$ cat structure.csv   # CSV, C-alpha atoms
chain,number,residue,atom,x,y,z
G,4,MET,CA,58.8,118.1,46.4
G,5,ILE,CA,58.5,121.9,46.5
G,6,HIS,CA,55.3,121.9,44.4
G,7,GLU,CA,53.8,119.4,46.8
G,8,GLY,CA,54.4,121.7,49.8
G,9,GLY,CA,57.9,120.6,50.8
G,10,LEU,CA,59.1,117.9,53.1
G,11,HIS,CA,56.9,117.0,56.1
G,12,ILE,CA,58.6,115.6,59.2
G,13,ILE,CA,56.6,113.3,61.5
G,14,GLY,CA,58.1,112.5,64.9
G,15,THR,CA,56.9,109.7,67.1
G,16,GLU,CA,58.5,111.0,70.3
G,17,ARG,CA,60.4,113.9,71.7
G,18,HIS,CA,64.1,113.5,72.4
G,19,GLU,CA,65.7,114.3,75.7
G,20,SER,CA,67.7,117.0,74.0
G,21,ARG,CA,66.1,120.0,72.3
G,22,ARG,CA,69.0,120.1,69.8
G,23,ILE,CA,68.0,116.8,68.3
G,24,ASP,CA,64.3,117.9,67.9
G,25,ASN,CA,65.5,121.1,66.3
G,26,GLN,CA,67.7,119.2,63.9
G,27,LEU,CA,64.7,117.1,62.8
G,28,ARG,CA,62.6,120.1,62.3
G,29,GLY,CA,65.4,121.7,60.3
G,30,ARG,CA,65.3,118.9,57.7
G,31,SER,CA,61.9,120.3,56.5
G,32,GLY,CA,63.1,123.8,55.8
G,33,ARG,CA,66.5,123.7,54.2
G,34,GLN,CA,67.7,127.0,52.7
G,35,GLY,CA,64.2,128.6,52.8
G,36,ASP,CA,62.3,125.7,51.2
G,37,PRO,CA,58.8,125.1,52.4
G,38,GLY,CA,58.0,122.3,54.8
G,39,SER,CA,56.3,121.3,58.1
G,40,SER,CA,56.8,119.1,61.1
G,41,ARG,CA,54.5,117.4,63.6
G,42,PHE,CA,55.4,115.4,66.7
G,43,TYR,CA,53.2,112.8,68.4
G,44,LEU,CA,53.6,111.9,72.0
G,45,SER,CA,52.0,109.6,74.5
G,46,MET,CA,51.5,110.2,78.2
G,47,GLU,CA,53.5,107.0,78.7
G,48,ASP,CA,56.6,108.3,77.0
G,49,PRO,CA,59.6,108.3,79.4
G,50,LEU,CA,60.1,112.0,79.0
G,51,LEU,CA,56.6,112.9,80.1
G,52,LYS,CA,56.2,110.0,82.5
G,53,ILE,CA,59.2,111.1,84.6
G,54,PHE,CA,59.0,114.9,84.6
G,55,ALA,CA,55.4,116.0,83.7
G,56,GLY,CA,53.2,112.9,83.7
G,57,ASP,CA,51.4,113.3,87.0
G,58,ARG,CA,50.5,117.0,86.4
G,59,LEU,CA,49.2,116.4,82.9
G,60,MET,CA,47.3,113.3,84.0
G,61,ALA,CA,45.6,115.3,86.7
G,62,ILE,CA,44.6,118.0,84.2
G,63,MET,CA,43.2,115.4,81.8
G,64,ASP,CA,41.2,113.9,84.6
G,65,LYS,CA,39.7,117.3,85.6
G,66,LEU,CA,38.8,118.0,81.9
G,67,LYS,CA,37.5,114.5,81.5
G,68,LEU,CA,39.0,114.1,78.1
G,69,PRO,CA,38.3,110.8,76.4
G,70,GLU,CA,41.1,108.3,75.9
G,71,GLY,CA,42.9,108.7,72.5
G,72,GLU,CA,41.9,112.4,72.2
G,73,ALA,CA,44.6,114.5,70.7
G,74,ILE,CA,45.8,117.3,72.9
G,75,GLU,CA,47.2,120.4,71.3
G,76,ALA,CA,48.0,123.1,73.8
G,77,GLY,CA,50.9,125.4,74.6
G,78,MET,CA,51.0,124.1,78.1
G,79,VAL,CA,51.9,120.7,76.9
G,80,SER,CA,54.7,122.0,74.7
G,81,ARG,CA,56.0,124.1,77.6
G,82,SER,CA,55.9,121.1,79.9
G,83,ILE,CA,57.9,119.1,77.4
G,84,GLU,CA,60.5,121.8,76.9
G,85,SER,CA,60.8,122.2,80.7
G,86,ALA,CA,61.4,118.4,81.0
G,87,GLN,CA,64.0,118.6,78.3
G,88,ARG,CA,65.8,121.4,80.0
G,89,LYS,CA,65.9,119.4,83.2
G,90,VAL,CA,67.4,116.4,81.4
G,91,GLU,CA,69.9,118.6,79.6
G,92,ALA,CA,70.9,120.1,82.9
G,93,ARG,CA,71.3,116.7,84.5
G,94,ASN,CA,73.4,115.4,81.6
G,95,PHE,CA,75.6,118.6,81.8
G,96,ASP,CA,76.2,118.0,85.4
G,97,ILE,CA,77.2,114.4,84.7
G,98,ARG,CA,79.6,115.5,82.0
G,99,LYS,CA,81.0,118.2,84.2
G,100,GLN,CA,81.5,115.8,87.1
G,101,LEU,CA,83.1,113.3,84.8
G,102,LEU,CA,85.5,115.9,83.5
G,103,GLU,CA,86.5,116.9,87.1
G,104,TYR,CA,87.3,113.3,87.9
G,105,ASP,CA,89.3,112.9,84.6
G,106,ASP,CA,91.2,116.1,85.3
G,107,VAL,CA,92.7,114.5,88.4
G,108,ALA,CA,94.1,111.6,86.5
G,109,ASN,CA,95.0,113.8,83.6
G,110,ASP,CA,97.2,116.0,85.8
G,111,GLN,CA,99.0,113.0,87.1
G,112,ARG,CA,99.3,111.6,83.5
G,113,ARG,CA,101.1,114.8,82.4
G,114,ILE,CA,103.7,114.5,85.1
G,115,ILE,CA,104.4,110.8,84.4
G,116,TYR,CA,104.6,111.3,80.6
G,117,LYS,CA,106.8,114.4,81.0
G,118,ASP,CA,109.2,112.3,83.1
G,119,ARG,CA,109.0,109.4,80.7
G,120,ASN,CA,109.7,111.6,77.6
G,121,GLU,CA,112.6,113.2,79.3
G,122,ILE,CA,114.1,109.8,80.1
G,123,LEU,CA,113.6,108.7,76.5
G,124,ASP,CA,115.2,111.8,75.0
G,125,ALA,CA,118.1,111.9,77.5
G,126,ALA,CA,121.3,110.2,76.4
G,127,ASP,CA,122.3,109.5,80.0
G,128,VAL,CA,120.1,109.3,83.1
G,129,ARG,CA,123.0,109.1,85.6
G,130,GLU,CA,122.1,112.4,87.3
G,131,ARG,CA,118.5,111.2,87.8
G,132,ILE,CA,119.6,107.9,89.2
G,133,ASP,CA,121.9,109.6,91.6
G,134,SER,CA,119.1,111.9,92.8
G,135,LEU,CA,116.8,108.9,93.3
G,136,ARG,CA,119.4,107.0,95.2
G,137,HIS,CA,120.1,110.0,97.5
G,138,GLN,CA,116.4,110.4,98.2
G,139,VAL,CA,115.9,106.7,99.0
G,140,ILE,CA,118.9,106.6,101.2
G,141,GLU,CA,117.8,109.7,103.1
G,142,THR,CA,114.2,108.3,103.5
G,143,LEU,CA,115.6,105.0,104.8
G,144,PHE,CA,118.0,106.8,107.1
G,145,ARG,CA,115.2,109.0,108.6
G,146,GLU,CA,113.1,106.0,109.3
G,147,HIS,CA,115.7,104.8,111.8
G,148,LEU,CA,117.1,108.2,112.8
G,149,PRO,CA,114.3,110.7,112.8
G,150,HIS,CA,114.9,114.5,112.7
G,151,GLU,CA,115.7,116.1,116.1
G,152,SER,CA,115.9,112.8,117.8
G,153,MET,CA,118.2,111.8,120.7
G,154,GLU,CA,121.1,109.5,120.2
G,155,GLU,CA,119.5,107.0,122.5
G,156,GLN,CA,116.6,106.8,120.0
G,157,TRP,CA,118.8,105.9,117.0
G,158,GLU,CA,118.3,102.4,115.6
G,159,LEU,CA,121.8,102.0,114.2
G,160,GLU,CA,121.8,98.2,114.2
G,161,ALA,CA,118.5,97.9,112.5
G,162,LEU,CA,119.6,100.4,109.8
G,163,GLN,CA,122.9,98.6,109.3
G,164,SER,CA,121.2,95.2,108.9
G,165,THR,CA,118.5,96.6,106.6
G,166,LEU,CA,121.1,98.2,104.3
G,167,ALA,CA,123.1,94.9,104.2
G,168,ALA,CA,120.2,92.6,103.6
G,169,GLU,CA,117.9,94.6,101.3
G,170,TRP,CA,120.3,97.1,99.6
G,171,ASN,CA,123.6,95.2,99.4
G,172,LEU,CA,125.3,98.1,101.1
G,173,HIS,CA,127.7,96.9,103.9
G,174,VAL,CA,128.7,99.8,106.1
G,175,SER,CA,129.6,100.2,109.8
G,176,ILE,CA,127.3,103.0,110.9
G,177,ARG,CA,127.8,102.2,114.6
G,178,GLN,CA,131.5,102.6,114.3
G,179,TRP,CA,131.0,105.9,112.5
G,180,ALA,CA,128.8,107.1,115.3
G,181,SER,CA,131.4,106.0,118.0
G,182,GLU,CA,134.1,107.9,116.2
G,183,GLN,CA,132.2,111.2,116.3
G,184,ALA,CA,133.1,113.6,119.1
G,185,GLN,CA,129.5,114.8,119.2
G,186,ALA,CA,126.5,113.0,117.9
G,187,ASP,CA,125.6,114.4,114.5
G,188,ASP,CA,123.0,112.6,112.3
G,189,GLU,CA,123.6,114.9,109.3
G,190,ALA,CA,127.2,113.8,109.2
G,191,LEU,CA,126.2,110.2,109.4
G,192,LEU,CA,123.7,110.7,106.5
G,193,ALA,CA,126.4,112.4,104.4
G,194,GLN,CA,128.8,109.6,105.1
G,195,LEU,CA,126.2,107.0,104.2
G,196,ILE,CA,125.3,108.7,100.9
G,197,ALA,CA,129.0,108.8,100.1
G,198,SER,CA,129.4,105.1,100.8
G,199,ALA,CA,126.4,104.3,98.6
G,200,ASP,CA,127.9,106.4,95.8
G,201,GLU,CA,131.2,104.6,96.1
G,202,ALA,CA,129.6,101.2,95.9
G,203,TYR,CA,127.6,102.3,92.9
G,204,ALA,CA,130.7,103.6,91.2
G,205,GLY,CA,132.3,100.2,91.6
G,206,LYS,CA,129.5,98.6,89.7
G,207,LEU,CA,129.9,101.2,86.9
G,208,ASP,CA,133.7,100.4,86.7
G,209,ALA,CA,133.0,96.7,86.5
G,210,ALA,CA,130.3,96.8,83.9
G,211,GLY,CA,131.3,99.8,81.8
G,212,SER,CA,129.7,103.3,81.9
G,213,GLU,CA,128.1,103.1,78.5
G,214,ALA,CA,126.6,99.6,78.9
G,215,PHE,CA,125.3,100.3,82.4
G,216,ALA,CA,123.7,103.6,81.2
G,217,ALA,CA,121.5,101.7,78.8
G,218,PHE,CA,120.6,99.3,81.6
G,219,GLU,CA,119.7,102.2,83.9
G,220,LYS,CA,117.3,103.7,81.3
G,221,THR,CA,115.6,100.3,80.8
G,222,VAL,CA,115.1,99.7,84.5
G,223,LEU,CA,113.7,103.2,85.0
G,224,LEU,CA,111.3,103.0,82.1
G,225,GLN,CA,110.0,99.5,83.1
G,226,ALA,CA,109.4,100.6,86.7
G,227,ILE,CA,107.5,103.7,85.5
G,228,ASP,CA,105.3,101.7,83.1
G,229,ASN,CA,104.5,98.8,85.5
G,230,HIS,CA,103.6,101.0,88.4
G,231,TRP,CA,101.6,103.5,86.3
G,232,ARG,CA,99.4,100.7,84.9
G,233,ASP,CA,98.7,99.5,88.5
G,234,HIS,CA,98.0,103.1,89.6
G,235,LEU,CA,95.4,103.6,86.8
G,236,SER,CA,93.6,100.4,87.9
G,237,THR,CA,93.7,101.6,91.5
G,238,LEU,CA,92.2,105.0,90.5
G,239,ASP,CA,89.5,103.2,88.6
G,240,TYR,CA,88.5,101.1,91.6
G,241,LEU,CA,88.6,104.2,93.8
G,242,ARG,CA,86.3,106.1,91.5
G,243,GLN,CA,83.7,103.3,91.3
G,244,GLY,CA,83.1,103.5,95.1
G,245,ILE,CA,83.9,107.1,96.0
G,246,HIS,CA,80.2,108.1,95.8
G,247,LEU,CA,79.6,106.2,99.0
G,248,ARG,CA,81.5,108.9,100.9
G,249,GLY,CA,78.5,111.0,100.4
G,250,TYR,CA,76.7,109.0,103.1
G,251,ALA,CA,79.3,110.2,105.6
G,252,GLN,CA,78.5,113.8,104.8
G,253,LYS,CA,81.7,114.1,102.7
G,254,ASN,CA,82.2,115.6,99.3
G,255,PRO,CA,83.1,112.7,97.0
G,256,LYS,CA,85.0,114.8,94.5
G,257,GLN,CA,87.2,116.3,97.3
G,258,GLU,CA,87.8,112.8,98.8
G,259,TYR,CA,88.7,111.5,95.4
G,260,LYS,CA,91.2,114.3,94.8
G,261,ARG,CA,92.8,113.8,98.2
G,262,GLU,CA,93.1,110.0,98.0
G,263,ALA,CA,94.3,110.3,94.3
G,264,PHE,CA,97.1,112.7,95.5
G,265,GLU,CA,98.1,110.3,98.2
G,266,LEU,CA,98.2,107.3,95.8
G,267,PHE,CA,100.3,109.3,93.4
G,268,ALA,CA,102.8,110.2,96.1
G,269,ARG,CA,103.0,106.5,97.0
G,270,LEU,CA,103.4,105.7,93.3
G,271,GLN,CA,106.5,107.9,93.0
G,272,GLU,CA,107.9,106.4,96.2
G,273,ARG,CA,107.5,102.9,94.9
G,274,ILE,CA,109.2,103.8,91.6
G,275,ARG,CA,112.2,105.3,93.4
G,276,MET,CA,112.5,102.3,95.8
G,277,ASP,CA,112.3,99.7,93.0
G,278,VAL,CA,114.7,101.4,90.7
G,279,VAL,CA,117.3,102.1,93.4
G,280,LYS,CA,117.0,98.6,95.0
G,281,LEU,CA,117.4,96.8,91.7
G,282,LEU,CA,120.5,98.9,90.7
G,283,MET,CA,122.1,98.6,94.1
G,284,THR,CA,121.6,94.8,94.4
G,285,VAL,CA,122.4,93.8,90.8
G,286,THR,CA,125.6,91.7,90.5
G,287,ILE,CA,128.1,92.4,87.8
G,288,ALA,CA,129.8,89.2,86.6
G,289,SER,CA,133.1,89.3,84.8
G,290,PRO,CA,133.5,87.5,81.5
G,291,GLU,CA,135.5,84.8,83.2
G,292,GLN,CA,132.8,84.2,85.7
G,293,ALA,CA,130.1,84.2,83.0
G,294,GLN,CA,132.0,81.5,81.0
G,295,ALA,CA,132.6,79.4,84.2
G,296,ALA,CA,128.9,79.6,85.0
G,297,GLN,CA,128.0,78.5,81.5
G,298,ALA,CA,130.5,75.6,81.7
G,299,ILE,CA,129.0,74.4,85.0
G,300,GLN,CA,125.5,74.6,83.6
G,301,ALA,CA,126.5,72.6,80.6
G,302,GLN,CA,128.1,69.9,82.7
G,303,GLN,CA,125.0,69.7,84.9
G,304,GLN,CA,122.8,69.2,81.9
G,305,ALA,CA,125.1,66.6,80.4
G,306,GLY,CA,125.3,64.6,83.6
G,307,LEU,CA,121.5,64.7,84.3
G,308,GLN,CA,120.2,61.2,85.0
G,309,ILE,CA,116.8,60.0,85.9
G,310,LYS,CA,116.4,57.2,88.5
G,311,PHE,CA,113.3,55.4,89.4
G,312,ILE,CA,113.1,54.4,93.1
G,313,HIS,CA,110.4,52.5,94.9
G,314,SER,CA,108.2,55.0,96.8
G,315,ASP,CA,107.7,52.8,99.9
G,316,ALA,CA,110.9,50.8,100.5
G,317,ASP,CA,114.0,49.6,98.9
G,318,ALA,CA,113.5,46.5,96.8
G,319,ALA,CA,116.6,44.8,98.1
G,320,GLY,CA,115.7,45.4,101.7
G,321,MET,CA,112.2,44.1,101.1
G,322,SER,CA,113.7,41.0,99.4
G,323,LEU,CA,115.9,40.3,102.5
G,324,GLN,CA,112.9,40.8,104.7
G,325,ALA,CA,110.9,38.3,102.7
G,326,ALA,CA,113.7,35.8,102.9
G,327,SER,CA,114.1,36.2,106.6
G,328,ASP,CA,110.3,35.6,107.0
G,329,GLY,CA,110.6,32.3,105.2
G,330,SER,CA,108.7,33.4,102.2
G,331,GLN,CA,110.4,31.3,99.5
G,332,ALA,CA,108.0,32.4,96.9
G,333,GLY,CA,108.7,36.0,97.6
G,334,LEU,CA,112.5,35.4,97.4
G,335,ALA,CA,112.1,33.5,94.1
G,336,ASP,CA,110.0,36.3,92.6
G,337,ALA,CA,112.4,38.9,93.8
G,338,GLN,CA,115.2,37.0,92.2
G,339,SER,CA,113.2,36.7,89.0
G,340,LEU,CA,112.7,40.5,89.0
G,341,ALA,CA,116.4,41.1,89.5
G,342,LEU,CA,117.2,38.7,86.7
G,343,ALA,CA,114.7,40.5,84.4
G,344,ALA,CA,116.3,43.8,85.3
G,345,GLN,CA,119.7,42.4,84.3
G,346,GLN,CA,118.4,41.2,81.1
G,347,LEU,CA,117.1,44.6,80.0
G,348,PRO,CA,119.2,46.3,77.3
G,349,SER,CA,121.5,49.1,78.4
G,350,SER,CA,120.4,52.7,77.5
G,351,GLN,CA,123.9,54.3,77.7
G,352,GLY,CA,123.9,55.1,73.9
G,353,GLN,CA,125.6,51.9,72.8
G,354,ASP,CA,124.9,50.7,69.3
G,355,ALA,CA,125.5,47.0,70.0
G,356,GLN,CA,122.5,44.8,69.9
G,357,VAL,CA,121.8,43.0,73.1
G,358,SER,CA,120.3,39.6,72.8
G,359,GLN,CA,117.0,39.2,74.5
G,360,GLN,CA,116.9,36.2,76.9
G,361,PRO,CA,113.5,34.6,77.7
G,362,LEU,CA,112.2,35.4,81.2
G,363,ARG,CA,111.7,32.3,83.4
G,364,ARG,CA,109.5,32.2,86.5
G,365,PHE,CA,111.2,30.5,89.4
G,366,GLY,CA,108.1,30.3,91.6
G,367,GLU,CA,104.3,30.1,91.4
G,368,LYS,CA,102.4,32.7,89.3
G,369,ILE,CA,101.3,35.6,91.4
G,370,GLY,CA,97.7,36.8,90.8
G,371,ARG,CA,97.0,40.5,90.2
G,372,ASN,CA,95.0,40.8,93.4
G,373,ASP,CA,97.4,38.7,95.6
G,374,PRO,CA,99.7,40.5,98.1
G,375,CYS,CA,103.0,41.6,96.5
G,376,PRO,CA,105.9,39.3,97.6
G,377,CYS,CA,108.1,42.4,98.3
G,378,GLY,CA,106.3,42.8,101.6
G,379,SER,CA,104.9,46.3,101.1
G,380,GLY,CA,101.4,45.1,102.0
G,381,LYS,CA,99.9,46.3,98.7
G,382,LYS,CA,98.3,44.2,96.0
G,383,PHE,CA,100.6,42.9,93.3
G,384,LYS,CA,98.8,45.0,90.6
G,385,GLN,CA,99.4,48.2,92.6
G,386,CYS,CA,103.1,47.5,93.4
G,387,HIS,CA,105.6,45.5,91.3
G,388,GLY,CA,102.9,44.2,89.0
G,389,ARG,CA,101.8,47.7,88.0
G,390,VAL,CA,101.5,48.2,84.3
G,391,ALA,CA,103.9,51.0,83.2
$ encode --input "structure.csv" --output "structure tokens"
Amino acid sequence: MIHEGGLHIIGTERHESRRIDNQLRGRSGRQGDPGSSRFYLSMEDPLLKIFAGDRLMAIMDKLKLPEGEAIEAGMVSRSIESAQRKVEARNFDIRKQLLEYDDVANDQRRIIYKDRNEILDAADVRERIDSLRHQVIETLFREHLPHESMEEQWELEALQSTLAAEWNLHVSIRQWASEQAQADDEALLAQLIASADEAYAGKLDAAGSEAFAAFEKTVLLQAIDNHWRDHLSTLDYLRQGIHLRGYAQKNPKQEYKREAFELFARLQERIRMDVVKLLMTVTIASPEQAQAAQAIQAQQQAGLQIKFIHSDADAAGMSLQAASDGSQAGLADAQSLALAAQQLPSSQGQDAQVSQQPLRRFGEKIGRNDPCPCGSGKKFKQCHGRVA
């Protein structure tokens, strides 16, 4: 290869990146070996067509060069390098913008995974659960009793009903307020938090501290995982359409950061709400209650029976109606149906063999398209003559 002049590289186009072209050229001169390279381009190549095609075509028209004539000039090489620099700058901006968007989600990811790892490494998350409960109770309290509000503006009944219906916390907030010599919302909040702590302590005593600690950790991890997955999907949807904010003369990156921060704040609020609500509303059953519930369920399953009832009317009532109308054939056929039902073998689990009696028809044969003698108004094939 060296005796023949080394490796000669022939390129059919120029890449958007100068680094790729330089790597191709470098194949022909490894470690000082001789070699050469030559690239062939067309005026219809995407690189020239987008960035330098019009100017070069105008020059060729002025020079009146024939079609297919090879052009070797420094101006062409400089135009190509200029186009490559433009493409590289555009790709760099794209990567930079992509990194800025990813940094927003990455910062939130660090916070979530830090909390999750702390929960996994901790032997007991009771302090974290207590802190979440206090935050949720205070948020709910301030929704009905805002800061620096007058006593006439307090929604004590709504707060009391909400705590009882949604949080399984039965307290008498209006009675507490009436017992105060002077209206003090901070004292009511402290009393409400103390009542919530007392109700939660009762659950711990009923279930056992160690068993309930494992349940607390499981609930907390599941809430974080479920809401974090939904949050990532929401960020993805937001990112796909955030560029439209540019039409409103707004910076899309700043809008994305602002809305992502708001979504993350709502994510943490939903996690707190779900965890505290589940732990406050869970019912701890004693072993005796669990055994009694299992026994009741077993009895219900054992006594389960399936009954087939006519969808339109009772067969006996229809038979009486047919008899009162003077339809002897209908009555006879109803009696034959009753006799056939009596002759069917019982399905109560008996092993005795029941002798099959031949079915006798007491009236005329009913056609499939004739009206059913039960009086329902349907055809016989669609009522009592339906094939099962």
$ closest_atom_pairs --input "structure.csv" --of "stretch 59-174 of chain G" --to "stretch 190-210 of chain G" --cutoff "12 Å" --atoms "all atoms listed in the file" --output "JSON lines"
{"residue": "G:Arg129", "atom": "CA", "partner": "G:Leu207", "partner_atom": "CA", "distance": 10.6}
{"residue": "G:Glu130", "atom": "CA", "partner": "G:Asp200", "partner_atom": "CA", "distance": 11.9}
{"residue": "G:Ile132", "atom": "CA", "partner": "G:Tyr203", "partner_atom": "CA", "distance": 10.4}
{"residue": "G:Asp133", "atom": "CA", "partner": "G:Asp200", "partner_atom": "CA", "distance": 8.0}
{"residue": "G:Ser134", "atom": "CA", "partner": "G:Ile196", "partner_atom": "CA", "distance": 10.7}
{"residue": "G:Leu135", "atom": "CA", "partner": "G:Ile196", "partner_atom": "CA", "distance": 11.4}
{"residue": "G:Arg136", "atom": "CA", "partner": "G:Ala199", "partner_atom": "CA", "distance": 8.2}
{"residue": "G:His137", "atom": "CA", "partner": "G:Ile196", "partner_atom": "CA", "distance": 6.3}
{"residue": "G:Gln138", "atom": "CA", "partner": "G:Ile196", "partner_atom": "CA", "distance": 9.5}
{"residue": "G:Val139", "atom": "CA", "partner": "G:Ile196", "partner_atom": "CA", "distance": 9.8}
{"residue": "G:Ile140", "atom": "CA", "partner": "G:Ile196", "partner_atom": "CA", "distance": 6.7}
{"residue": "G:Glu141", "atom": "CA", "partner": "G:Leu192", "partner_atom": "CA", "distance": 6.9}
{"residue": "G:Thr142", "atom": "CA", "partner": "G:Leu192", "partner_atom": "CA", "distance": 10.2}
{"residue": "G:Leu143", "atom": "CA", "partner": "G:Leu192", "partner_atom": "CA", "distance": 10.0}
{"residue": "G:Phe144", "atom": "CA", "partner": "G:Leu192", "partner_atom": "CA", "distance": 6.9}
{"residue": "G:Arg145", "atom": "CA", "partner": "G:Leu192", "partner_atom": "CA", "distance": 8.9}
{"residue": "G:Glu146", "atom": "CA", "partner": "G:Leu192", "partner_atom": "CA", "distance": 11.9}
{"residue": "G:His147", "atom": "CA", "partner": "G:Leu192", "partner_atom": "CA", "distance": 11.3}
{"residue": "G:Leu148", "atom": "CA", "partner": "G:Leu192", "partner_atom": "CA", "distance": 9.5}
{"residue": "G:Pro149", "atom": "CA", "partner": "G:Leu192", "partner_atom": "CA", "distance": 11.3}
{"residue": "G:His150", "atom": "CA", "partner": "G:Leu192", "partner_atom": "CA", "distance": 11.4}
{"residue": "G:Glu154", "atom": "CA", "partner": "G:Leu191", "partner_atom": "CA", "distance": 12.0}
{"residue": "G:Trp157", "atom": "CA", "partner": "G:Leu191", "partner_atom": "CA", "distance": 11.4}
{"residue": "G:Leu159", "atom": "CA", "partner": "G:Leu191", "partner_atom": "CA", "distance": 10.5}
{"residue": "G:Leu162", "atom": "CA", "partner": "G:Leu195", "partner_atom": "CA", "distance": 10.9}
{"residue": "G:Gln163", "atom": "CA", "partner": "G:Leu195", "partner_atom": "CA", "distance": 10.4}
{"residue": "G:Leu166", "atom": "CA", "partner": "G:Ala199", "partner_atom": "CA", "distance": 9.9}
{"residue": "G:Ala167", "atom": "CA", "partner": "G:Ala199", "partner_atom": "CA", "distance": 11.4}
{"residue": "G:Trp170", "atom": "CA", "partner": "G:Ala199", "partner_atom": "CA", "distance": 9.5}
{"residue": "G:Asn171", "atom": "CA", "partner": "G:Ala202", "partner_atom": "CA", "distance": 9.2}
{"residue": "G:Leu172", "atom": "CA", "partner": "G:Ala199", "partner_atom": "CA", "distance": 6.8}
{"residue": "G:His173", "atom": "CA", "partner": "G:Ser198", "partner_atom": "CA", "distance": 8.9}
{"residue": "G:Val174", "atom": "CA", "partner": "G:Ser198", "partner_atom": "CA", "distance": 7.5}
$ atom_distance --input "structure.csv" --atom1 "atom CA of G:Asp48" --atom2 "atom CA of G:Arg17"
8.6 Å
$ axis_aligned_box --input "structure.csv" --around "stretch 11-23 of chain G" --padding-each-side "5 Å" --output "AutoDock Vina command-line options"
--center_x 62.8 --center_y 114.9 --center_z 65.9 --size_x 22.4 --size_y 20.4 --size_z 29.6
$ atom_distance --input "structure.csv" --atom1 "atom CA of G:Thr15" --atom2 "atom CA of G:Ser82"
17.2 Å
$ residues_around --input "structure.csv" --residues "stretch 257-271 of chain G" --least-positions-apart "2" --cutoff "9 Å" --atoms "all atoms listed in the file" --output "PyMOL selection string"
chain G and resi 104+107-108+111+227+230-231+234+237-238+241-242+245+248+253-255+273-276
$ decode --input "structure.csv" --residues "stretch 93-119 of chain G" --atoms "C-alpha atoms" --output "CSV table (one decimal), in the first residue's frame"
chain,number,residue,atom,x,y,z
G,93,ARG,CA,-27.6,25.0,14.9
G,94,ASN,CA,-27.1,21.5,16.3
G,95,PHE,CA,-25.2,23.0,19.2
G,96,ASP,CA,-28.1,25.2,20.0
G,97,ILE,CA,-30.5,22.3,19.8
G,98,ARG,CA,-28.4,20.3,22.2
G,99,LYS,CA,-28.0,23.2,24.5
G,100,GLN,CA,-31.8,23.9,24.6
G,101,LEU,CA,-32.5,20.2,25.1
G,102,LEU,CA,-30.1,20.2,28.1
G,103,GLU,CA,-31.8,23.2,29.6
G,104,TYR,CA,-35.1,21.5,29.4
G,105,ASP,CA,-33.7,18.3,30.8
G,106,ASP,CA,-32.1,20.2,33.7
G,107,VAL,CA,-35.5,21.2,34.9
G,108,ALA,CA,-36.7,17.6,35.2
G,109,ASN,CA,-33.3,16.5,36.5
G,110,ASP,CA,-33.5,18.9,39.4
G,111,GLN,CA,-36.9,17.6,40.4
G,112,ARG,CA,-35.7,14.0,39.9
G,113,ARG,CA,-32.9,14.6,42.4
G,114,ILE,CA,-35.4,15.8,45.0
G,115,ILE,CA,-37.8,12.9,44.5
G,116,TYR,CA,-35.0,10.3,44.5
G,117,LYS,CA,-33.4,11.8,47.6
G,118,ASP,CA,-36.6,11.6,49.5
G,119,ARG,CA,-37.3,8.0,48.2
